[in-house]
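*Asks:* First, the structure itself, so that you have it in front of you.
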Amino acid sequence: MTEIIITGTGVPHLEPGRAGPGVLVQHGKVRLQFDAGRATALRLVEAGVRVGQLSALFVTHHHSDHLTGLTDVLFARWLEAHGRFTPLPVIAPNGPATRFLERMMDPWVDDLLVRQEHVDRHDRPDPEVRGFDIADEPVVVWRHDSGVQVTARSVHHEPVMPAVGYRVDTPDGSVVISGDTMVCDEMAELAAGVDVLVHEAFRREALSPLFTEMPHLRHIAEYHADTVQLGALAQRIGVPRLVLTHLIPAPIAGGTTEHDFIDDVRRGGYTGEVTVASDLTRLTIG
């Protein structure tokens with residue numbers, strides 16, 4: 001059985017109960033984390049997964065809200081593994097994301113020196129950075145002998161470049177995690193034939209009346225996925241289950257509801273199963 005756990009549904013603006021963006025996919029002992037927004041390490045342990053059990057972590061792009069929890073993941077993995085520490089492979093598109101990964105521990109050098117000297121330790125929590133180049137077609141970026149394979153595809157989140165979505169194929173089926181992107185043909189290509197599509201969601205029509213008063217919302221709309229258009233894409237490629245995350249705006253009492261997101265994708269024509277994710281939402285394939 002392959003299990004999908006949404007470790008965070010939030011965005012840069014803080015909302016109670018919503019950690020930063022992240023998705024865990026696990027098949028047997030293979031545990032793959034996609035992005036690591038704020039509180040990812042906490043959500044993982046709440047889901048029953050220790051950070052030392054992660055097989056690899058994948059970064060979709062270099063926006064801070066997808067990365068602020070990564071330092072915590074790396075430190076926890078290191079601190080919990082005296083004498084048996086193995087660096088966490090972190091896979092990312094070459095460019096700003098890999099540059100960040102290679103220097104992300106630099107601000108902690110004094111802390112690390114104290115910890116190393118105190119317990120006579122010589123290793124560090126730095127990630128094992130594995131960069132890959134973006135191509136004009138999907139590229140396989142990770143494989144496991146259990147039959148699990150991860151493929152990356154460029155998506156449209158300009159001016160943030162590069163940005164990718166990931167597809168995970170296991171012996172049970174497949175799931176695509178969008179990362180941040182507009183609705184685009186590249187995502188349709190990556191998600192063709194999958195069992196589950198985990199996709200970011202922005203309610204453009206609902207928020208557009210606020211664009212004049214709050215121009216930053218217009219800027220956000222320019223590079224995120226409109227929910228109605230997303231429903232049309234999911235129907236066109238025949239995805240049986242659509243999971244909405246990175247929710248803008250977050251459902252709150254007296255405001256936007258989960259049903260509003262569902263209504264949007266239905267207006268786009270989608271007839272499959274829709275889940276508006278909360279933190280720690282779980283799904284299975286197989």
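Just so we're on the same page: first chain in the structure tokens is A, next is B, and so on; residues restart at 1 for each chain, and ligands are numbered from 1 in the order they show up.
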Which of region 29-236 of chain A counts as helix (DSSP H, G or I) under DSSP, as a PyMOL selection string please?

*Replies:* chain A and resi 40-46+51-53+64-66+70-79+96-103+106-119+185-191+204-210+215-221+227-236

*Asks:* Under the rule of at most 10 Å, produce a per-residue listing of region 153-242 of chain A near region 63-80 of chain A: chain, number, name, the closest pair of atoms, and the distance in Å, as CSV, using only C-alpha atoms.

*Replies:*
```
residue,atom,partner,partner_atom,distance
A:Val160,CA,A:His63,CA,7.7
A:Met161,CA,A:His63,CA,9.9
A:Ala163,CA,A:His63,CA,9.4
A:Gly179,CA,A:His66,CA,8.8
A:Asp180,CA,A:His63,CA,9.1
```

*Asks:* In Å, how far is it from CA of Gly8 (chain A) to CA of Ala253 (chain A)?

*Replies:* 19.3 Å

*Asks:* Find the residues around Pro240 (chain A) up to 7 Å (only C-alpha atoms counted), leave out those fewer than 2 positions away in its own chain, and share them as a list in words.

*Replies:*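 In the requested form, the answer reads Asp195, Val196, Gly238, Leu242, Gly272 and Glu273 of chain A.
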
*Asks:* Quick one: write out the picked residues with N, CA and C atoms as a compact mmCIF listing (two decimals), in the first residue's frame?

*Replies:*
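This is the output file result.txt:
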```
# COMPACT_ATOMS: atom_id res chain seq x y z
N ASP A 195 -3.19 8.35 -10.21
CA ASP A 195 -4.33 8.05 -9.34
C ASP A 195 -4.74 9.24 -8.50
N VAL A 196 -3.77 10.05 -8.09
CA VAL A 196 -4.04 11.20 -7.22
C VAL A 196 -3.21 12.38 -7.70
N GLY A 238 -8.44 13.29 -16.76
CA GLY A 238 -9.09 12.13 -16.18
C GLY A 238 -8.53 11.65 -14.85
N LEU A 242 -8.60 14.40 -6.82
CA LEU A 242 -7.92 15.69 -6.76
C LEU A 242 -7.86 16.14 -5.30
N GLY A 272 -14.61 14.07 -10.64
CA GLY A 272 -13.99 13.06 -9.79
C GLY A 272 -14.11 13.40 -8.32
N GLU A 273 -13.36 12.66 -7.50
CA GLU A 273 -13.38 12.85 -6.05
C GLU A 273 -12.48 14.03 -5.67
```

*Asks:* From the list A:Leu113, A:Glu46, A:Phe34, A:Asp136, which residue is nearest Val90 (chain A) when using only C-alpha atoms?

*Replies:*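 The closest residue to Val90 (chain A) is A:Phe34.
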
*Asks:* Which neighbours of Leu280 (chain A) fall inside 8 Å, counting only C-alpha atoms, when residues of the same chain fewer than 5 positions from it are skipped, and could you give them as a PyMOL selection string?

*Replies:* chain A and resi 5-8+43+47

*Asks:* So, with only C-alpha atoms as the atoms that count, which of A:Val114, A:Ile177, A:Leu283, A:Leu197 lies closest to Leu233 (chain A)?

*Replies:*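 Closest residue, counting only C-alpha atoms: A:Leu197.
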
*Asks:* Hey, which of A:Ala39, A:Leu244, A:Ala206, A:Ala232 ends up closest to Thr256 (chain A)? Count only C-alpha atoms.

*Replies:* A:Ala206

*Asks:* Neighbours of Thr257 (chain A) within 12 Å (only C-alpha atoms; same-chain residues fewer than 4 positions away dropped), as a list in words?

*Replies:*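 Near Thr257 (chain A), the qualifying residues are Arg203, Ala206, Leu247, Ile248, Pro249, Ala250, Pro251, Ile252, Ala253, Phe261, Ile262, Asp263, Asp264, Val276 and Ala277 of chain A.
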
*Asks:* Generate the output file for the selected residues, C-alpha atoms, as a PDB file, in the first residue's frame.

*Replies:*
```
ATOM      1  CA  ARG A 203      -9.678  31.065  -5.543  1.00  0.00           C
ATOM      2  CA  ALA A 206     -13.571  34.961  -5.194  1.00  0.00           C
ATOM      3  CA  LEU A 247      -5.075  26.909   0.115  1.00  0.00           C
ATOM      4  CA  ILE A 248      -5.601  30.588  -0.723  1.00  0.00           C
ATOM      5  CA  PRO A 249      -7.562  31.767   1.162  1.00  0.00           C
ATOM      6  CA  ALA A 250      -7.499  29.257   3.989  1.00  0.00           C
ATOM      7  CA  PRO A 251     -10.951  28.032   5.019  1.00  0.00           C
ATOM      8  CA  ILE A 252     -11.979  29.796   8.221  1.00  0.00           C
ATOM      9  CA  ALA A 253     -15.148  30.155  10.244  1.00  0.00           C
ATOM     10  CA  PHE A 261     -13.132  25.197  -3.123  1.00  0.00           C
ATOM     11  CA  ILE A 262     -15.088  22.128  -4.182  1.00  0.00           C
ATOM     12  CA  ASP A 263     -17.719  24.269  -5.928  1.00  0.00           C
ATOM     13  CA  ASP A 264     -14.959  26.026  -7.882  1.00  0.00           C
ATOM     14  CA  VAL A 276      -9.759  19.842   0.460  1.00  0.00           C
ATOM     15  CA  ALA A 277      -6.773  18.931   2.601  1.00  0.00           C
TER      16      ALA A 277
END
```

*Asks:* Give me every strand (DSSP E or B) residue in region 84-181 of chain A, going by DSSP on the backbone, as JSON, numbers by chain.

*Replies:* {"A": [89, 90, 91, 92, 93, 128, 129, 130, 131, 132, 139, 140, 141, 142, 143, 149, 150, 151, 152, 153, 154, 164, 165, 166, 167, 168, 169, 170, 173, 174, 175, 176, 177]}

*Asks:* Using only C-alpha atoms, find the one residue out of A:Val109, A:Val119, A:Met182, A:Ala201 that sits nearest to Gly10 (chain A).

*Replies:*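 Using only C-alpha atoms, Gly10 (chain A) sits closest to A:Ala201.
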
*Asks:* Which residue gives the smallest distance to His219 (chain A) among A:Ala19, A:Pro159, A:Pro127, A:Arg241, with only C-alpha atoms counted?

*Replies:* A:Pro159

*Asks:* Gln235 (chain A): which residues within 9 Å, counting only C-alpha atoms, same-chain residues fewer than 4 positions away excluded, as a ChimeraX atom specification?

*Replies:* /A:230-231,239-240,268-272
